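Structure file data_32.pdb with PDB, C-alpha atoms:
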ATOM      1  CA  MET A   1     -18.825   1.312  -3.201  1.00  0.00           C
ATOM      2  CA  TYR A   2     -19.037   3.357  -0.003  1.00  0.00           C
ATOM      3  CA  PHE A   3     -22.285   4.958  -1.146  1.00  0.00           C
ATOM      4  CA  LYS A   4     -23.682   1.586  -2.273  1.00  0.00           C
ATOM      5  CA  ILE A   5     -23.647   0.451   1.347  1.00  0.00           C
ATOM      6  CA  TRP A   6     -25.309   3.581   2.649  1.00  0.00           C
ATOM      7  CA  PRO A   7     -28.070   2.481   5.046  1.00  0.00           C
ATOM      8  CA  THR A   8     -31.290   3.011   3.135  1.00  0.00           C
ATOM      9  CA  GLU A   9     -34.791   1.866   3.967  1.00  0.00           C
ATOM     10  CA  GLN A  10     -34.443  -1.070   1.564  1.00  0.00           C
ATOM     11  CA  ILE A  11     -31.369  -2.565   3.232  1.00  0.00           C
ATOM     12  CA  ILE A  12     -31.505  -1.307   6.804  1.00  0.00           C
ATOM     13  CA  ASP A  13     -32.571  -4.733   8.112  1.00  0.00           C
ATOM     14  CA  VAL A  14     -29.500  -6.319   6.523  1.00  0.00           C
ATOM     15  CA  PHE A  15     -27.295  -3.643   8.077  1.00  0.00           C
ATOM     16  CA  ASN A  16     -28.839  -4.088  11.492  1.00  0.00           C
ATOM     17  CA  ARG A  17     -28.519  -7.866  11.306  1.00  0.00           C
ATOM     18  CA  HIS A  18     -24.858  -7.681  10.222  1.00  0.00           C
ATOM     19  CA  ARG A  19     -23.814  -4.388  11.862  1.00  0.00           C
ATOM     20  CA  GLY A  20     -20.673  -5.968  13.297  1.00  0.00           C
ATOM     21  CA  PHE A  21     -19.526  -6.297   9.694  1.00  0.00           C
ATOM     22  CA  PHE A  22     -21.014  -3.224   8.000  1.00  0.00           C
ATOM     23  CA  ILE A  23     -20.101  -0.572  10.590  1.00  0.00           C
ATOM     24  CA  PRO A  24     -16.324  -1.176  10.436  1.00  0.00           C
ATOM     25  CA  VAL A  25     -16.412  -1.815   6.676  1.00  0.00           C
ATOM     26  CA  ARG A  26     -18.251   1.464   5.989  1.00  0.00           C
ATOM     27  CA  TYR A  27     -15.867   3.351   8.284  1.00  0.00           C
ATOM     28  CA  SER A  28     -12.817   1.811   6.589  1.00  0.00           C
ATOM     29  CA  LEU A  29     -14.176   2.531   3.117  1.00  0.00           C
ATOM     30  CA  TYR A  30     -14.936   6.103   4.148  1.00  0.00           C
ATOM     31  CA  GLN A  31     -11.418   6.649   5.489  1.00  0.00           C
ATOM     32  CA  THR A  32      -9.774   5.041   2.477  1.00  0.00           C
ATOM     33  CA  MET A  33     -11.948   6.941   0.011  1.00  0.00           C
ATOM     34  CA  MET A  34     -11.444  10.342   1.641  1.00  0.00           C
ATOM     35  CA  MET A  35      -7.706   9.881   2.235  1.00  0.00           C
ATOM     36  CA  GLY A  36      -7.152   8.711  -1.338  1.00  0.00           C
ATOM     37  CA  PHE A  37      -9.298  11.405  -2.856  1.00  0.00           C
ATOM     38  CA  ALA A  38      -7.598  14.150  -0.805  1.00  0.00           C
ATOM     39  CA  LYS A  39      -4.285  13.124  -2.415  1.00  0.00           C
ATOM     40  CA  VAL A  40      -5.659  14.180  -5.799  1.00  0.00           C
ATOM     41  CA  PHE A  41      -5.501  17.833  -4.677  1.00  0.00           C
ATOM     42  CA  ASP A  42      -2.300  17.766  -2.621  1.00  0.00           C
ATOM     43  CA  ARG A  43      -0.065  20.775  -3.280  1.00  0.00           C
ATOM     44  CA  ASP A  44       3.084  19.138  -1.846  1.00  0.00           C
ATOM     45  CA  SER A  45       5.595  19.158  -4.712  1.00  0.00           C
ATOM     46  CA  ARG A  46       6.662  15.599  -3.852  1.00  0.00           C
ATOM     47  CA  THR A  47       3.255  14.190  -4.759  1.00  0.00           C
ATOM     48  CA  MET A  48       1.841  13.321  -8.143  1.00  0.00           C
ATOM     49  CA  SER A  49      -1.485  15.055  -7.631  1.00  0.00           C
ATOM     50  CA  LEU A  50      -3.776  16.363 -10.334  1.00  0.00           C
ATOM     51  CA  ARG A  51      -2.975  19.928  -9.249  1.00  0.00           C
ATOM     52  CA  ASN A  52       0.766  19.277  -9.584  1.00  0.00           C
ATOM     53  CA  LEU A  53       0.289  17.583 -12.965  1.00  0.00           C
ATOM     54  CA  LEU A  54      -1.564  20.664 -14.202  1.00  0.00           C
ATOM     55  CA  ASP A  55       1.169  22.958 -12.852  1.00  0.00           C
ATOM     56  CA  THR A  56       3.853  20.848 -14.549  1.00  0.00           C
ATOM     57  CA  ALA A  57       1.921  20.790 -17.824  1.00  0.00           C
ATOM     58  CA  GLN A  58       1.593  24.575 -17.721  1.00  0.00           C
ATOM     59  CA  ARG A  59       5.361  24.985 -17.181  1.00  0.00           C
ATOM     60  CA  GLN A  60       6.353  22.299 -19.704  1.00  0.00           C
ATOM     61  CA  MET A  61       3.875  22.500 -22.556  1.00  0.00           C
ATOM     62  CA  GLU A  62       5.877  19.938 -24.562  1.00  0.00           C
ATOM     63  CA  LEU A  63       4.428  17.293 -22.210  1.00  0.00           C
ATOM     64  CA  VAL A  64       0.929  18.085 -23.492  1.00  0.00           C
ATOM     65  CA  PRO A  65       1.408  18.900 -27.182  1.00  0.00           C
ATOM     66  CA  GLU A  66      -2.325  18.730 -27.913  1.00  0.00           C
ATOM     67  CA  LEU A  67      -3.182  21.433 -25.340  1.00  0.00           C
ATOM     68  CA  THR A  68      -2.787  25.184 -25.131  1.00  0.00           C
ATOM     69  CA  GLN A  69      -2.100  27.359 -22.098  1.00  0.00           C
ATOM     70  CA  GLN A  70      -5.769  28.368 -22.259  1.00  0.00           C
ATOM     71  CA  ASP A  71      -6.848  24.701 -22.093  1.00  0.00           C
ATOM     72  CA  ILE A  72      -4.840  24.192 -18.909  1.00  0.00           C
ATOM     73  CA  GLN A  73      -6.181  27.433 -17.465  1.00  0.00           C
ATOM     74  CA  ASN A  74      -9.722  26.197 -18.190  1.00  0.00           C
ATOM     75  CA  MET A  75      -8.990  22.920 -16.374  1.00  0.00           C
ATOM     76  CA  ASN A  76      -7.692  24.827 -13.351  1.00  0.00           C
ATOM     77  CA  GLU A  77     -10.860  26.921 -13.408  1.00  0.00           C
ATOM     78  CA  GLN A  78     -12.998  23.765 -13.543  1.00  0.00           C
ATOM     79  CA  LEU A  79     -11.281  22.526 -10.383  1.00  0.00           C
ATOM     80  CA  SER A  80     -11.459  25.950  -8.728  1.00  0.00           C
ATOM     81  CA  GLN A  81     -15.249  25.825  -8.901  1.00  0.00           C
ATOM     82  CA  HIS A  82     -14.999  23.118  -6.228  1.00  0.00           C
ATOM     83  CA  GLU A  83     -12.626  24.991  -3.910  1.00  0.00           C
ATOM     84  CA  THR A  84     -14.995  24.774  -0.924  1.00  0.00           C
ATOM     85  CA  ALA A  85     -15.352  21.001  -1.259  1.00  0.00           C
ATOM     86  CA  MET A  86     -11.583  20.584  -1.733  1.00  0.00           C
ATOM     87  CA  ASP A  87     -10.856  22.707   1.359  1.00  0.00           C
ATOM     88  CA  THR A  88     -13.359  20.678   3.406  1.00  0.00           C
ATOM     89  CA  LEU A  89     -11.777  17.461   2.163  1.00  0.00           C
ATOM     90  CA  LYS A  90      -8.267  18.702   3.019  1.00  0.00           C
ATOM     91  CA  CYS A  91      -9.365  19.761   6.503  1.00  0.00           C
ATOM     92  CA  LEU A  92     -11.026  16.385   7.056  1.00  0.00           C
ATOM     93  CA  ARG A  93      -7.897  14.580   5.893  1.00  0.00           C
ATOM     94  CA  ASP A  94      -5.446  16.722   7.867  1.00  0.00           C
ATOM     95  CA  GLN A  95      -7.347  16.974  11.154  1.00  0.00           C
ATOM     96  CA  ARG A  96      -9.377  13.793  11.436  1.00  0.00           C
ATOM     97  CA  LEU A  97      -8.089  11.055   9.150  1.00  0.00           C
ATOM     98  CA  ALA A  98      -4.323  11.394   8.747  1.00  0.00           C
ATOM     99  CA  HIS A  99      -3.882  13.058  12.156  1.00  0.00           C
ATOM    100  CA  LEU A 100      -6.095  13.195  15.198  1.00  0.00           C
ATOM    101  CA  ASP A 101      -5.940  16.861  16.116  1.00  0.00           C
ATOM    102  CA  ALA A 102      -6.776  17.568  19.737  1.00  0.00           C
ATOM    103  CA  LYS A 103      -8.748  20.668  18.748  1.00  0.00           C
ATOM    104  CA  PRO A 104      -9.882  20.277  15.147  1.00  0.00           C
ATOM    105  CA  GLN A 105     -11.682  23.112  13.418  1.00  0.00           C
ATOM    106  CA  PRO A 106     -15.454  22.795  13.314  1.00  0.00           C
ATOM    107  CA  ARG A 107     -16.376  20.539  10.443  1.00  0.00           C
ATOM    108  CA  SER A 108     -17.969  21.957   7.352  1.00  0.00           C
ATOM    109  CA  PRO A 109     -20.296  19.426   5.809  1.00  0.00           C
ATOM    110  CA  LEU A 110     -19.168  17.671   2.650  1.00  0.00           C
ATOM    111  CA  LEU A 111     -22.415  16.741   0.976  1.00  0.00           C
ATOM    112  CA  LYS A 112     -22.694  13.725  -1.304  1.00  0.00           C
ATOM    113  CA  GLY A 113     -23.795  15.946  -4.202  1.00  0.00           C
ATOM    114  CA  GLN A 114     -20.697  18.127  -3.780  1.00  0.00           C
ATOM    115  CA  LEU A 115     -18.475  15.057  -3.687  1.00  0.00           C
ATOM    116  CA  ASP A 116     -20.167  13.509  -6.742  1.00  0.00           C
ATOM    117  CA  SER A 117     -19.724  16.750  -8.682  1.00  0.00           C
ATOM    118  CA  LEU A 118     -16.064  16.976  -7.664  1.00  0.00           C
ATOM    119  CA  VAL A 119     -15.443  13.357  -8.691  1.00  0.00           C
ATOM    120  CA  THR A 120     -17.015  14.039 -12.092  1.00  0.00           C
ATOM    121  CA  THR A 121     -14.876  17.145 -12.581  1.00  0.00           C
ATOM    122  CA  VAL A 122     -11.687  15.286 -11.594  1.00  0.00           C
ATOM    123  CA  GLY A 123     -12.476  12.575 -14.162  1.00  0.00           C
ATOM    124  CA  GLU A 124     -13.090  15.175 -16.863  1.00  0.00           C
ATOM    125  CA  VAL A 125      -9.940  17.165 -16.076  1.00  0.00           C
ATOM    126  CA  PHE A 126      -7.822  14.015 -15.887  1.00  0.00           C
ATOM    127  CA  ASN A 127      -9.129  12.889 -19.291  1.00  0.00           C
ATOM    128  CA  GLN A 128      -8.469  16.307 -20.847  1.00  0.00           C
ATOM    129  CA  LEU A 129      -4.920  16.270 -19.516  1.00  0.00           C
ATOM    130  CA  SER A 130      -4.370  12.661 -20.590  1.00  0.00           C
ATOM    131  CA  ALA A 131      -5.729  13.345 -24.082  1.00  0.00           C
ATOM    132  CA  GLY A 132      -3.444  16.359 -24.344  1.00  0.00           C
ATOM    133  CA  HIS A 133      -0.454  14.220 -23.345  1.00  0.00           C
ATOM    134  CA  ASP A 134      -0.864  11.036 -25.374  1.00  0.00           C
ATOM    135  CA  GLY A 135      -4.392  11.067 -26.789  1.00  0.00           C
ATOM    136  CA  SER A 136      -5.747   8.491 -24.335  1.00  0.00           C
ATOM    137  CA  LEU A 137      -8.993   8.669 -22.421  1.00  0.00           C
ATOM    138  CA  TYR A 138     -10.066   6.627 -19.434  1.00  0.00           C
ATOM    139  CA  ASN A 139     -13.544   5.175 -19.023  1.00  0.00           C
ATOM    140  CA  TRP A 140     -14.407   5.479 -15.325  1.00  0.00           C
ATOM    141  CA  SER A 141     -17.875   3.945 -15.576  1.00  0.00           C
ATOM    142  CA  PHE A 142     -16.763   0.292 -15.605  1.00  0.00           C
ATOM    143  CA  GLN A 143     -15.244   0.406 -12.112  1.00  0.00           C
ATOM    144  CA  ILE A 144     -18.246   2.246 -10.729  1.00  0.00           C
ATOM    145  CA  SER A 145     -20.735  -0.100 -12.362  1.00  0.00           C
ATOM    146  CA  ASP A 146     -18.791  -3.291 -11.537  1.00  0.00           C
ATOM    147  CA  SER A 147     -18.379  -2.307  -7.896  1.00  0.00           C
ATOM    148  CA  GLY A 148     -22.059  -1.384  -7.670  1.00  0.00           C
ATOM    149  CA  THR A 149     -23.194  -4.633  -9.283  1.00  0.00           C
ATOM    150  CA  GLN A 150     -21.096  -6.770  -6.965  1.00  0.00           C
ATOM    151  CA  THR A 151     -22.218  -4.848  -3.881  1.00  0.00           C
ATOM    152  CA  ASP A 152     -25.872  -5.106  -4.945  1.00  0.00           C
ATOM    153  CA  SER A 153     -25.440  -8.876  -5.404  1.00  0.00           C
ATOM    154  CA  ILE A 154     -23.999  -9.310  -1.916  1.00  0.00           C
ATOM    155  CA  LEU A 155     -26.754  -7.198  -0.362  1.00  0.00           C
ATOM    156  CA  SER A 156     -29.400  -9.153  -2.279  1.00  0.00           C
ATOM    157  CA  ILE A 157     -28.023 -12.479  -1.028  1.00  0.00           C
ATOM    158  CA  LEU A 158     -27.992 -11.193   2.543  1.00  0.00           C
ATOM    159  CA  GLN A 159     -31.538  -9.791   2.210  1.00  0.00           C
ATOM    160  CA  LYS A 160     -32.869 -13.120   0.886  1.00  0.00           C
ATOM    161  CA  ALA A 161     -31.169 -15.005   3.722  1.00  0.00           C
ATOM    162  CA  LEU A 162     -32.666 -12.574   6.245  1.00  0.00           C
ATOM    163  CA  ASP A 163     -36.127 -12.929   4.689  1.00  0.00           C
ATOM    164  CA  ARG A 164     -35.855 -16.750   4.879  1.00  0.00           C
ATOM    165  CA  HIS A 165     -34.728 -16.509   8.494  1.00  0.00           C
ATOM    166  CA  LYS A 166     -37.668 -14.243   9.401  1.00  0.00           C
ATOM    167  CA  ALA A 167     -40.099 -16.585   7.610  1.00  0.00           C
ATOM    168  CA  GLU A 168     -38.725 -19.574   9.531  1.00  0.00           C
ATOM    169  CA  ILE A 169     -39.161 -17.755  12.837  1.00  0.00           C
ATOM    170  CA  ASP A 170     -42.692 -16.685  11.913  1.00  0.00           C
ATOM    171  CA  GLU A 171     -43.594 -20.237  10.883  1.00  0.00           C
ATOM    172  CA  ARG A 172     -42.042 -21.728  14.021  1.00  0.00           C
ATOM    173  CA  HIS A 173     -44.039 -19.380  16.248  1.00  0.00           C
ATOM    174  CA  GLY A 174     -47.241 -19.486  14.214  1.00  0.00           C
ATOM    175  CA  TYR A 175     -47.081 -15.849  13.083  1.00  0.00           C
ATOM    176  CA  LYS A 176     -48.838 -15.009   9.865  1.00  0.00           C
ATOM    177  CA  THR A 177     -48.278 -12.057   7.603  1.00  0.00           C
ATOM    178  CA  PRO A 178     -51.270  -9.907   6.611  1.00  0.00           C
ATOM    179  CA  SER A 179     -51.156 -11.391   3.102  1.00  0.00           C
ATOM    180  CA  GLN A 180     -51.240 -14.953   4.513  1.00  0.00           C
ATOM    181  CA  ILE A 181     -54.241 -14.076   6.704  1.00  0.00           C
ATOM    182  CA  ARG A 182     -56.030 -12.470   3.742  1.00  0.00           C
ATOM    183  CA  LYS A 183     -55.350 -15.535   1.570  1.00  0.00           C
ATOM    184  CA  GLU A 184     -56.800 -17.831   4.271  1.00  0.00           C
ATOM    185  CA  GLN A 185     -59.863 -15.597   4.638  1.00  0.00           C
ATOM    186  CA  LEU A 186     -60.467 -15.648   0.892  1.00  0.00           C
ATOM    187  CA  SER A 187     -60.123 -19.430   0.795  1.00  0.00           C
ATOM    188  CA  LEU A 188     -62.864 -19.707   3.444  1.00  0.00           C
ATOM    189  CA  LEU A 189     -65.204 -17.642   1.296  1.00  0.00           C
ATOM    190  CA  THR A 190     -64.661 -19.830  -1.736  1.00  0.00           C
ATOM    191  CA  VAL A 191     -67.209 -22.607  -2.067  1.00  0.00           C
ATOM    192  CA  PRO A 192     -65.798 -25.877  -3.405  1.00  0.00           C
ATOM    193  CA  VAL A 193     -67.621 -27.162  -6.477  1.00  0.00           C
TER     194      VAL A 193
END

Just dump the structure as structure tokens.
Amino acid sequence: MYFKIWPTEQIIDVFNRHRGFFIPVRYSLYQTMMMGFAKVFDRDSRTMSLRNLLDTAQRQMELVPELTQQDIQNMNEQLSQHETAMDTLKCLRDQRLAHLDAKPQPRSPLLKGQLDSLVTTVGEVFNQLSAGHDGSLYNWSFQISDSGTQTDSILSILQKALDRHKAEIDERHGYKTPSQIRKEQLSLLTVPV
């Protein structure tokens, strides 16, 4: 949802018109998303993170009877390919979101593509682990699609309201759009029969 309300050229007018709403909402979604996602990789033994679930599965293979040690090693390697993104996320969480460090380390960028790739890998690894445990898989696409559809609907309603408002102002002040002017010019050229 956070990326659905990214200010793009198509919806920037809506954002500007309702910035008192969208600025704090985007910031809150960003904080919630990053804090929650950082928990997935937490190494603290008191947490139920994906890393800790993999470690537990490797130590207690009876919990994942459908997997081998090699399968778990492969899952760890899949996650390790995203070590830079995970480190950046942890630093962001530790120094800027969960705590406000007085002298935080310089921020490494966490690009949307990196985050998308990491999210995909987490979903895949979680499903492999879940299938190895009890044979179940989770379909992540419904939440993503449902959230996107609802957000698009809200933005569409706001855009239509803004367009109506602009049209009312233009009409009240006698402004005409280029297409209205062109239509009037063409009607003058047409000879009534």

Task: 10 Å contact set for stretch 59-65 of chain A, all atoms listed in the file, chain neighbours under 6 positions out, as a ChimeraX atom specification - done: /A:53,72,128-135

- [ ] Go ahead and compute the interatomic distance for atom CA of A:Gln150 and atom CA of A:His18, in Å to one decimal.
- [x] 17.6 Å

Task: Counting all atoms listed in the file, the residue of A:His173, A:Arg46, A:Arg93, A:His165 that sits nearest A:Asp13 - done: A:His165

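Take atom CA of A:Leu50 and atom CA of A:Lys90: the distance between them is 14.3 Å.
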
Open item on the list: So that I can see what lies close to A:Val125, please list as an NGL selection string the residues with an atom at most 9 Å from it, counting only C-alpha atoms and leaving out residues fewer than 5 positions away in the same chain.
Closed with: :A and (50 or 75-76 or 78-79 or 120 or 130)

Once the PyMOL selection byres ((chain A and resi 104-108) around 10) is applied to the coordinates I shared, what remains selected? I want it as an mmCIF file with C-alpha atoms, in the coordinates of the input.
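File selection_32.cif, as written:
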data_model
loop_
_atom_site.group_PDB
_atom_site.id
_atom_site.type_symbol
_atom_site.label_atom_id
_atom_site.label_comp_id
_atom_site.auth_asym_id
_atom_site.auth_seq_id
_atom_site.Cartn_x
_atom_site.Cartn_y
_atom_site.Cartn_z
ATOM 1 C CA THR A 84 -14.995 24.774 -0.924
ATOM 2 C CA ALA A 85 -15.352 21.001 -1.259
ATOM 3 C CA ASP A 87 -10.856 22.707 1.359
ATOM 4 C CA THR A 88 -13.359 20.678 3.406
ATOM 5 C CA LEU A 89 -11.777 17.461 2.163
ATOM 6 C CA CYS A 91 -9.365 19.761 6.503
ATOM 7 C CA LEU A 92 -11.026 16.385 7.056
ATOM 8 C CA ASP A 94 -5.446 16.722 7.867
ATOM 9 C CA GLN A 95 -7.347 16.974 11.154
ATOM 10 C CA ARG A 96 -9.377 13.793 11.436
ATOM 11 C CA HIS A 99 -3.882 13.058 12.156
ATOM 12 C CA LEU A 100 -6.095 13.195 15.198
ATOM 13 C CA ASP A 101 -5.940 16.861 16.116
ATOM 14 C CA ALA A 102 -6.776 17.568 19.737
ATOM 15 C CA LYS A 103 -8.748 20.668 18.748
ATOM 16 C CA PRO A 109 -20.296 19.426 5.809
ATOM 17 C CA LEU A 110 -19.168 17.671 2.650
ATOM 18 C CA LEU A 111 -22.415 16.741 0.976
#

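Across the model, the gap from atom CA of A:Ser117 to atom CA of A:Glu66 is 26.0 Å.
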
Open item on the list: Could you check which residues have any atom within 12 Å of (-5.6, 17.0, -5.7), counting only C-alpha atoms with coordinates taken straight from the file, and then list them as number ranges by chain?
Closed with: A: 34-45, 47-55, 76, 79-80, 82-83, 85-87, 89-90, 118-119, 121-123, 125-126

Need the axis-aligned box for stretch 65-78 of chain A with 5 Å each side, so what are the centre and edges in Å to one decimal, as JSON?
{"center_x": -5.8, "center_y": 23.5, "center_z": -20.6, "size_x": 24.4, "size_y": 19.6, "size_z": 24.6}
